[in-house]
Structures are given as C-alpha cells and as structure tokens.
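Participant: Just one file: entry24.pdb, with PDB, C-alpha atoms and all ligand atoms.
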```pdb
ATOM      1  CA  MET A   1     206.419 240.538 148.536  1.00  0.00           C
ATOM      2  CA  THR A   2     203.064 241.165 150.152  1.00  0.00           C
ATOM      3  CA  ASP A   3     199.980 241.929 148.109  1.00  0.00           C
ATOM      4  CA  SER A   4     199.746 245.423 149.561  1.00  0.00           C
ATOM      5  CA  ARG A   5     203.377 246.122 148.740  1.00  0.00           C
ATOM      6  CA  ARG A   6     202.906 244.832 145.200  1.00  0.00           C
ATOM      7  CA  ALA A   7     199.808 246.988 144.706  1.00  0.00           C
ATOM      8  CA  PHE A   8     201.649 249.983 146.051  1.00  0.00           C
ATOM      9  CA  LEU A   9     204.573 249.550 143.663  1.00  0.00           C
ATOM     10  CA  ALA A  10     202.239 249.114 140.689  1.00  0.00           C
ATOM     11  CA  LYS A  11     200.376 252.264 141.620  1.00  0.00           C
ATOM     12  CA  ALA A  12     203.570 254.232 142.130  1.00  0.00           C
ATOM     13  CA  ALA A  13     204.919 253.253 138.729  1.00  0.00           C
ATOM     14  CA  LYS A  14     201.676 254.096 136.961  1.00  0.00           C
ATOM     15  CA  ILE A  15     201.515 257.670 138.207  1.00  0.00           C
ATOM     16  CA  THR A  16     205.174 258.652 137.972  1.00  0.00           C
ATOM     17  CA  ALA A  17     204.511 260.687 134.845  1.00  0.00           C
ATOM     18  CA  VAL A  18     201.788 262.686 136.600  1.00  0.00           C
ATOM     19  CA  ALA A  19     204.046 263.473 139.560  1.00  0.00           C
ATOM     20  CA  ALA A  20     206.805 264.624 137.226  1.00  0.00           C
ATOM     21  CA  THR A  21     204.404 267.012 135.511  1.00  0.00           C
ATOM     22  CA  ALA A  22     203.356 268.532 138.814  1.00  0.00           C
ATOM     23  CA  ALA A  23     206.960 269.126 139.836  1.00  0.00           C
ATOM     24  CA  VAL A  24     207.529 271.699 137.080  1.00  0.00           C
ATOM     25  CA  LEU A  25     204.480 273.833 137.784  1.00  0.00           C
ATOM     26  CA  PRO A  26     205.311 277.465 138.610  1.00  0.00           C
ATOM     27  CA  THR A  27     205.822 278.169 142.280  1.00  0.00           C
ATOM     28  CA  ALA A  28     203.394 281.086 142.283  1.00  0.00           C
ATOM     29  CA  LEU A  29     200.596 279.016 140.884  1.00  0.00           C
ATOM     30  CA  ALA A  30     197.379 279.560 142.724  1.00  0.00           C
ATOM     31  CA  GLY A  31     193.705 279.334 142.128  1.00  0.00           C
ATOM     32  CA  PRO A  32     191.588 282.463 142.385  1.00  0.00           C
ATOM     33  CA  ALA A  33     189.595 282.852 145.602  1.00  0.00           C
ATOM     34  CA  SER A  34     186.479 281.702 143.795  1.00  0.00           C
ATOM     35  CA  ALA A  35     188.019 278.392 142.742  1.00  0.00           C
ATOM     36  CA  SER A  36     186.861 275.351 144.626  1.00  0.00           C
ATOM     37  CA  ALA A  37     189.627 272.792 144.311  1.00  0.00           C
ATOM     38  CA  HIS A  38     193.391 272.518 144.141  1.00  0.00           C
ATOM     39  CA  SER A  39     194.977 269.522 142.417  1.00  0.00           C
ATOM     40  CA  TYR A  40     198.640 269.347 143.373  1.00  0.00           C
ATOM     41  CA  TYR A  41     198.623 266.858 146.227  1.00  0.00           C
ATOM     42  CA  PHE A  42     200.295 263.457 146.452  1.00  0.00           C
ATOM     43  CA  PHE A  43     200.968 260.545 148.806  1.00  0.00           C
ATOM     44  CA  CYS A  44     204.535 260.394 150.204  1.00  0.00           C
ATOM     45  CA  THR A  45     206.007 256.886 150.015  1.00  0.00           C
ATOM     46  CA  LYS A  46     208.217 257.509 153.061  1.00  0.00           C
ATOM     47  CA  CYS A  47     205.933 259.145 155.668  1.00  0.00           C
ATOM     48  CA  PHE A  48     202.527 258.215 154.092  1.00  0.00           C
ATOM     49  CA  GLY A  49     201.423 261.859 154.467  1.00  0.00           C
ATOM     50  CA  MET A  50     199.452 264.008 152.008  1.00  0.00           C
ATOM     51  CA  THR A  51     202.018 266.381 150.543  1.00  0.00           C
ATOM     52  CA  VAL A  52     201.987 269.196 148.008  1.00  0.00           C
ATOM     53  CA  GLY A  53     203.499 268.341 144.614  1.00  0.00           C
ATOM     54  CA  VAL A  54     205.229 271.596 143.783  1.00  0.00           C
ATOM     55  CA  ILE A  55     208.706 272.793 144.480  1.00  0.00           C
ATOM     56  CA  THR A  56     208.419 275.780 146.765  1.00  0.00           C
ATOM     57  CA  PRO A  57     205.299 277.233 148.370  1.00  0.00           C
ATOM     58  CA  PRO A  58     206.264 280.520 150.068  1.00  0.00           C
ATOM     59  CA  GLY A  59     208.570 279.862 152.988  1.00  0.00           C
ATOM     60  CA  GLY A  60     208.475 276.141 152.360  1.00  0.00           C
ATOM     61  CA  LEU A  61     211.066 273.633 153.421  1.00  0.00           C
ATOM     62  CA  ASN A  62     209.568 270.326 152.173  1.00  0.00           C
ATOM     63  CA  ILE A  63     210.898 268.233 155.034  1.00  0.00           C
ATOM     64  CA  CYS A  64     209.781 264.601 155.400  1.00  0.00           C
ATOM     65  CA  PRO A  65     209.675 263.087 158.903  1.00  0.00           C
ATOM     66  CA  ALA A  66     211.360 260.009 157.421  1.00  0.00           C
ATOM     67  CA  GLY A  67     214.333 262.142 156.345  1.00  0.00           C
ATOM     68  CA  GLY A  68     215.115 264.304 153.327  1.00  0.00           C
ATOM     69  CA  ASN A  69     212.277 265.609 151.194  1.00  0.00           C
ATOM     70  CA  HIS A  70     208.942 263.917 150.604  1.00  0.00           C
ATOM     71  CA  THR A  71     208.944 261.296 147.840  1.00  0.00           C
ATOM     72  CA  GLN A  72     205.685 261.494 145.962  1.00  0.00           C
ATOM     73  CA  ALA A  73     203.902 258.759 144.053  1.00  0.00           C
ATOM     74  CA  GLY A  74     200.456 257.536 143.199  1.00  0.00           C
ATOM     75  CA  TYR A  75     197.335 259.525 142.562  1.00  0.00           C
ATOM     76  CA  ASN A  76     197.190 263.252 141.894  1.00  0.00           C
ATOM     77  CA  PHE A  77     194.625 264.349 144.492  1.00  0.00           C
ATOM     78  CA  ILE A  78     192.147 267.192 144.106  1.00  0.00           C
ATOM     79  CA  LEU A  79     191.289 268.906 147.389  1.00  0.00           C
ATOM     80  CA  PRO A  80     188.196 271.134 147.675  1.00  0.00           C
ATOM     81  CA  TYR A  81     188.429 274.385 149.589  1.00  0.00           C
ATOM     82  CA  ASN A  82     186.209 277.297 150.652  1.00  0.00           C
ATOM     83  CA  VAL A  83     183.101 275.163 150.476  1.00  0.00           C
ATOM     84  CA  SER A  84     180.673 274.531 153.316  1.00  0.00           C
ATOM     85  CA  GLU A  85     181.378 271.993 156.009  1.00  0.00           C
ATOM     86  CA  THR A  86     178.717 269.261 156.131  1.00  0.00           C
ATOM     87  CA  ALA A  87     178.012 266.077 158.080  1.00  0.00           C
ATOM     88  CA  ASN A  88     180.328 264.357 155.573  1.00  0.00           C
ATOM     89  CA  ALA A  89     182.910 267.076 154.925  1.00  0.00           C
ATOM     90  CA  GLN A  90     185.335 268.529 157.474  1.00  0.00           C
ATOM     91  CA  ALA A  91     186.929 271.979 157.186  1.00  0.00           C
ATOM     92  CA  ASN A  92     190.140 273.350 158.735  1.00  0.00           C
ATOM     93  CA  TRP A  93     192.553 271.162 156.794  1.00  0.00           C
ATOM     94  CA  ARG A  94     195.595 273.274 155.895  1.00  0.00           C
ATOM     95  CA  LEU A  95     198.929 272.942 154.184  1.00  0.00           C
ATOM     96  CA  CYS A  96     201.915 273.397 156.488  1.00  0.00           C
ATOM     97  CA  GLN A  97     204.330 275.813 154.869  1.00  0.00           C
ATOM     98  CA  LYS A  98     207.263 274.270 156.742  1.00  0.00           C
ATOM     99  CA  CYS A  99     206.907 270.549 155.960  1.00  0.00           C
ATOM    100  CA  PHE A 100     204.550 270.720 152.933  1.00  0.00           C
ATOM    101  CA  SER A 101     202.075 268.294 154.515  1.00  0.00           C
ATOM    102  CA  LEU A 102     198.366 268.629 155.133  1.00  0.00           C
ATOM    103  CA  PHE A 103     197.304 268.902 158.786  1.00  0.00           C
ATOM    104  CA  TRP A 104     194.141 269.705 160.754  1.00  0.00           C
ATOM    105  CA  ARG A 105     194.127 273.159 162.308  1.00  0.00           C
ATOM    106  CA  GLY A 106     190.995 272.756 164.395  1.00  0.00           C
ATOM    107  CA  TYR A 107     192.726 272.498 167.775  1.00  0.00           C
ATOM    108  CA  PRO A 108     194.404 275.256 169.836  1.00  0.00           C
ATOM    109  CA  THR A 109     197.778 273.651 169.103  1.00  0.00           C
ATOM    110  CA  ASP A 110     199.079 272.593 165.676  1.00  0.00           C
ATOM    111  CA  GLY A 111     200.508 269.137 166.247  1.00  0.00           C
ATOM    112  CA  VAL A 112     204.099 268.157 165.559  1.00  0.00           C
ATOM    113  CA  CYS A 113     205.992 269.214 162.427  1.00  0.00           C
ATOM    114  CA  ALA A 114     208.969 267.410 160.916  1.00  0.00           C
ATOM    115  CA  THR A 115     210.819 270.756 160.953  1.00  0.00           C
ATOM    116  CA  GLY A 116     210.321 271.181 164.720  1.00  0.00           C
ATOM    117  CA  GLY A 117     207.539 272.767 166.754  1.00  0.00           C
ATOM    118  CA  GLY A 118     203.979 272.683 165.451  1.00  0.00           C
ATOM    119  CA  HIS A 119     202.783 272.872 161.869  1.00  0.00           C
ATOM    120  CA  ASP A 120     202.343 276.384 160.402  1.00  0.00           C
ATOM    121  CA  SER A 121     199.748 277.188 157.754  1.00  0.00           C
ATOM    122  CA  GLY A 122     200.799 280.811 157.334  1.00  0.00           C
ATOM    123  CA  PRO A 123     198.518 283.847 157.537  1.00  0.00           C
ATOM    124  CA  ASP A 124     194.752 283.423 157.483  1.00  0.00           C
ATOM    125  CA  GLY A 125     192.838 284.582 154.453  1.00  0.00           C
ATOM    126  CA  ASP A 126     195.691 284.119 152.011  1.00  0.00           C
ATOM    127  CA  GLN A 127     193.733 282.858 149.008  1.00  0.00           C
ATOM    128  CA  GLN A 128     196.493 283.590 146.502  1.00  0.00           C
ATOM    129  CA  SER A 129     198.712 280.824 147.760  1.00  0.00           C
ATOM    130  CA  PHE A 130     198.501 277.189 148.728  1.00  0.00           C
ATOM    131  CA  PHE A 131     197.134 277.908 152.151  1.00  0.00           C
ATOM    132  CA  HIS A 132     193.469 277.385 151.518  1.00  0.00           C
ATOM    133  CA  ASN A 133     190.946 276.139 154.052  1.00  0.00           C
ATOM    134  CA  PHE A 134     190.477 272.673 152.605  1.00  0.00           C
ATOM    135  CA  VAL A 135     187.211 270.821 153.247  1.00  0.00           C
ATOM    136  CA  LEU A 136     187.634 267.054 152.979  1.00  0.00           C
ATOM    137  CA  ASN A 137     184.885 264.502 152.352  1.00  0.00           C
ATOM    138  CA  HIS A 138     184.641 261.617 154.781  1.00  0.00           C
ATOM    139  CA  ASP A 139     182.588 258.482 155.393  1.00  0.00           C
ATOM    140  CA  VAL A 140     181.101 258.396 151.910  1.00  0.00           C
ATOM    141  CA  PRO A 141     181.470 255.498 149.433  1.00  0.00           C
ATOM    142  CA  PRO A 142     184.660 255.787 147.354  1.00  0.00           C
ATOM    143  CA  GLY A 143     184.162 255.906 143.583  1.00  0.00           C
ATOM    144  CA  PRO A 144     186.461 255.159 140.627  1.00  0.00           C
ATOM    145  CA  LYS A 145     188.040 258.615 140.980  1.00  0.00           C
ATOM    146  CA  SER A 146     188.453 258.729 144.749  1.00  0.00           C
ATOM    147  CA  GLN A 147     190.387 256.884 147.457  1.00  0.00           C
ATOM    148  CA  ASP A 148     189.335 256.202 151.047  1.00  0.00           C
ATOM    149  CA  ALA A 149     191.413 255.216 154.120  1.00  0.00           C
ATOM    150  CA  TRP A 150     192.933 258.668 154.617  1.00  0.00           C
ATOM    151  CA  ARG A 151     192.978 259.394 158.355  1.00  0.00           C
ATOM    152  CA  PHE A 152     193.878 262.045 160.915  1.00  0.00           C
ATOM    153  CA  CYS A 153     196.942 261.250 163.081  1.00  0.00           C
ATOM    154  CA  VAL A 154     196.363 261.981 166.777  1.00  0.00           C
ATOM    155  CA  LYS A 155     200.121 262.405 167.347  1.00  0.00           C
ATOM    156  CA  CYS A 156     201.145 264.907 164.636  1.00  0.00           C
ATOM    157  CA  TYR A 157     197.684 266.133 163.416  1.00  0.00           C
ATOM    158  CA  GLY A 158     198.668 265.218 159.865  1.00  0.00           C
ATOM    159  CA  LEU A 159     196.596 263.426 157.224  1.00  0.00           C
ATOM    160  CA  PHE A 160     198.021 260.037 156.274  1.00  0.00           C
ATOM    161  CA  PHE A 161     197.084 256.944 154.249  1.00  0.00           C
ATOM    162  CA  PHE A 162     195.923 254.077 156.464  1.00  0.00           C
ATOM    163  CA  GLY A 163     195.626 251.496 153.680  1.00  0.00           C
ATOM    164  CA  TYR A 164     198.853 249.563 154.264  1.00  0.00           C
ATOM    165  CA  SER A 165     199.983 247.147 156.957  1.00  0.00           C
ATOM    166  CA  THR A 166     202.298 249.828 158.359  1.00  0.00           C
ATOM    167  CA  ASN A 167     201.552 253.510 159.011  1.00  0.00           C
ATOM    168  CA  GLY A 168     204.496 255.456 157.644  1.00  0.00           C
ATOM    169  CA  ARG A 169     206.629 257.767 159.730  1.00  0.00           C
ATOM    170  CA  CYS A 170     205.185 260.277 162.192  1.00  0.00           C
ATOM    171  CA  PRO A 171     207.101 263.447 163.097  1.00  0.00           C
ATOM    172  CA  ALA A 172     206.038 262.797 166.711  1.00  0.00           C
ATOM    173  CA  GLY A 173     207.924 259.468 166.622  1.00  0.00           C
ATOM    174  CA  ASN A 174     207.413 255.984 165.194  1.00  0.00           C
ATOM    175  CA  GLU A 175     204.326 255.489 163.002  1.00  0.00           C
ATOM    176  CA  HIS A 176     201.205 257.639 162.622  1.00  0.00           C
ATOM    177  CA  LYS A 177     198.188 256.739 164.791  1.00  0.00           C
ATOM    178  CA  GLU A 178     194.776 256.899 163.144  1.00  0.00           C
ATOM    179  CA  ALA A 179     191.605 258.381 164.628  1.00  0.00           C
ATOM    180  CA  GLY A 180     188.315 259.904 163.588  1.00  0.00           C
ATOM    181  CA  PHE A 181     186.824 260.089 160.137  1.00  0.00           C
ATOM    182  CA  ASN A 182     187.596 257.922 157.118  1.00  0.00           C
ATOM    183  CA  PHE A 183     188.444 260.575 154.518  1.00  0.00           C
ATOM    184  CA  VAL A 184     187.597 259.905 150.885  1.00  0.00           C
ATOM    185  CA  LEU A 185     189.626 262.082 148.521  1.00  0.00           C
ATOM    186  CA  ASP A 186     189.070 262.743 144.823  1.00  0.00           C
ATOM    187  CA  HIS A 187     191.937 262.292 142.377  1.00  0.00           C
ATOM    188  CA  LEU A 188     192.546 262.860 138.671  1.00  0.00           C
TER     189      LEU A 188
HETATM  190 ZN    ZN B   1     207.126 262.345 153.527  1.00  0.00          ZN
HETATM  191 ZN    ZN B   2     204.545 270.879 159.238  1.00  0.00          ZN
HETATM  192 ZN    ZN B   3     201.536 261.358 162.772  1.00  0.00          ZN
END
```
What does the file become when written as structure tokens?
Facilitator:
Amino acid sequence: MTDSRRAFLAKAAKITAVAATAAVLPTALAGPASASAHSYYFFCTKCFGMTVGVITPPGGLNICPAGGNHTQAGYNFILPYNVSETANAQANWRLCQKCFSLFWRGYPTDGVCATGGGHDSGPDGDQQSFFHNFVLNHDVPPGPKSQDAWRFCVKCYGLFFFGYSTNGRCPAGNEHKEAGFNFVLDHL
C-alpha cells in the first residue's frame, strides 16, 4: 500500500461520522442570502470531485462519472459565497444540479457533466438553494483547518483533488487534468 493510499484511507475512516450526519440534513436546507458560507461539501473517493453532501438538491441526480452516485469521505468543506473576488479568491464556482459536483461557470460553455451535456447550475440569483456563487481561496498557505491541492479540470471544468498519484475519473474521459490556481479550501 502506498503512503498516499494509506493516508487517504485513514482520513476517510476518521470523517465517516461527519459524512453520515450531513446525509440526513433536510433537502430544503439553505442559508439566507446574507450568509457567507455553506458547509455541506465533500471529496468523492471515486471521481475525486468536490460534491455536495446532501440527498437531493432541486432537480438533482447525484451521478458520479465513475459510475453510480458519488461516494463521499474525508473533510467536511466550508465554501464561501457572495463575497468579493480578490487576487487570491476566484468567483463563479457553482454546484451542478445534475451531477452534484462543483464546476467553474466562467466560460461561455459549461464543461462536461457525468449526466451528459454540460454542467447546469440552475437559475441565476437563486439564493434559497444550493446554487450560490461560490468564491474559492487560492494560492494562500493552508492552515490546520484548510486543505490545498484542489484544482480546476480543463476537460470537464470541475474542481478536483490533485493530492494523489492518480487524478480520479473525469466525465470527459480518463482522469481529470489540472490547470490554473491551487485552491485552498476551509473545512470543519
Ligand atoms: Zn464522484
Ligand atoms: Zn454536472
Ligand atoms: Zn475533469
């Protein structure tokens, strides 16, 4: 067993209880428009994407590009939204209501979704759901309550964890391909 695999398994086991708690949260749960962070996001052990840890956002399908539904483990991430973009924080990260993964909606097209076609973040301005405009920190030193090595995939436009020797499963085929900023994400 490689060191990275061993570390991954240890981390997955440690946070299982947290993931189980998130899975029973009400489906309508939402922060008010004035809230600044949403804390129901988890790594998927199959595709390595950032996925929402609740059962059914409106219209959601929860489809993993590696097959079946996402399998969540590890840290419970807290994603800021509706805050200003800065030199070290990028806006336009959205939740796809079809595959339940985070993707960057800053291009004219919306990448490749595991459900077919591009990702779909739903209607703009819907602050009573999961479809916030998330603003993610990047290229800052990670602290005890944050994790770096989260990257944009140039093939599917998703956010994935680049900290292992392999790069998960990309809905555009094979593994994800990293580019751009090194995102540093807060967790509980
Ligand atoms: Zn997945
Ligand atoms: Zn999608
Ligand atoms: Zn990808």
Participant: Between A:Gly67, A:Pro144, A:Gly106, A:Pro123, which is the closest to Val184 in chain A once you count only C-alpha atoms?
Facilitator: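 Looking at the shortest contact to Val184 in chain A, the residue is A:Pro144.
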Participant: Using only C-alpha atoms, which of the listed residues (A:Leu95, A:Phe100, A:Cys44, A:His176) sits closest to Ala73 in chain A?
Facilitator: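 Answer, going by the shortest atom-to-atom distance: A:Cys44.
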Participant: Using the chain letters and residue numbers of this document, give as a VMD selection string the residues selected by the PyMOL selection byres (((not hetatm)) within 10 of (chain B and resi 1)).
Facilitator: chain A and resid 42 to 51 62 to 72 99 to 101 114 160 168 to 171
Participant: Pull C-alpha atoms from the residues just selected and write them as a CSV table (one decimal), keeping the file's coordinate frame.
Facilitator:
```csv
chain,number,residue,atom,x,y,z
A,42,PHE,CA,200.3,263.5,146.5
A,43,PHE,CA,201.0,260.5,148.8
A,44,CYS,CA,204.5,260.4,150.2
A,45,THR,CA,206.0,256.9,150.0
A,46,LYS,CA,208.2,257.5,153.1
A,47,CYS,CA,205.9,259.1,155.7
A,48,PHE,CA,202.5,258.2,154.1
A,49,GLY,CA,201.4,261.9,154.5
A,50,MET,CA,199.5,264.0,152.0
A,51,THR,CA,202.0,266.4,150.5
A,62,ASN,CA,209.6,270.3,152.2
A,63,ILE,CA,210.9,268.2,155.0
A,64,CYS,CA,209.8,264.6,155.4
A,65,PRO,CA,209.7,263.1,158.9
A,66,ALA,CA,211.4,260.0,157.4
A,67,GLY,CA,214.3,262.1,156.3
A,68,GLY,CA,215.1,264.3,153.3
A,69,ASN,CA,212.3,265.6,151.2
A,70,HIS,CA,208.9,263.9,150.6
A,71,THR,CA,208.9,261.3,147.8
A,72,GLN,CA,205.7,261.5,146.0
A,99,CYS,CA,206.9,270.5,156.0
A,100,PHE,CA,204.6,270.7,152.9
A,101,SER,CA,202.1,268.3,154.5
A,114,ALA,CA,209.0,267.4,160.9
A,160,PHE,CA,198.0,260.0,156.3
A,168,GLY,CA,204.5,255.5,157.6
A,169,ARG,CA,206.6,257.8,159.7
A,170,CYS,CA,205.2,260.3,162.2
A,171,PRO,CA,207.1,263.4,163.1
```
Participant: Ligand ZN 2 (chain B): which residues are within 8 Å, counting only C-alpha atoms and all ligand atoms? Reply as a ChimeraX atom specification.
Facilitator: /A:95-103,112-116,118-120
Participant: Using the chain letters and numbers from the file, give me the residues hit by the PyMOL selection byres (((chain A and resi 178) around 6) and not hetatm), as a PyMOL selection string.
Facilitator: chain A and resi 151-153+177+179
Participant: Compute the distance from (185.7, 272.2, 148.5) to each atom, counting all atoms listed in the file, keep the residues with any atom at most 8 Å away, and return them as a list of chain:residue names; use the coordinates of the file.
Facilitator: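 These residues have at least one counted atom within 8 Å: A:Ser36, A:Ala37, A:Leu79, A:Pro80, A:Tyr81, A:Asn82, A:Val83, A:Ser84, A:Phe134, A:Val135, A:Leu136.
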Participant: From the options A:Asn182, A:Gly122, A:Lys145, A:Gly111, which residue's atoms come nearest to ligand ZN 3 (chain B), counting only C-alpha atoms and all ligand atoms?
Facilitator: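 Among the listed residues, the smallest separation from ligand ZN 3 (chain B) belongs to A:Gly111.
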Participant: To one decimal place, how far is CA of Cys156 in chain A from CA of His138 in chain A in Å?
Facilitator: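 About the pair CA of Cys156 in chain A and CA of His138 in chain A: they are 19.5 Å apart.
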Participant: Find the residue from A:Phe131, A:Tyr164, A:Tyr40, A:Tyr157 that sits nearest to ligand ZN 3 (chain B); use only C-alpha atoms and all ligand atoms when measuring.
Facilitator: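 For ligand ZN 3 (chain B), the nearest of the given residues is A:Tyr157.
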Participant: Could you tell me how far CA of Ala149 in chain A sits from CA of Asn167 in chain A, in Å to one decimal place?
Facilitator: 11.4 Å
Participant: Find the residue from A:Tyr75, A:Tyr41, A:Phe183, A:Trp104 that sits nearest to Pro142 in chain A; use all atoms listed in the file when measuring.
Facilitator: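 Of A:Tyr75, A:Tyr41, A:Phe183, A:Trp104, the one nearest Pro142 in chain A is A:Phe183, counting all atoms listed in the file.
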Participant: Find, counting all atoms listed in the file, the residue in A:Ser146, A:Asn174, A:Asn137, A:Ser165 that gets nearest to Thr86 in chain A.
Facilitator: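 Closest residue, counting all atoms listed in the file: A:Asn137.
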Participant: Just give me the gap between CA of Val140 in chain A and CA of Gly53 in chain A in Å, one decimal is fine.
Facilitator: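 A separation of 25.6 Å between them.
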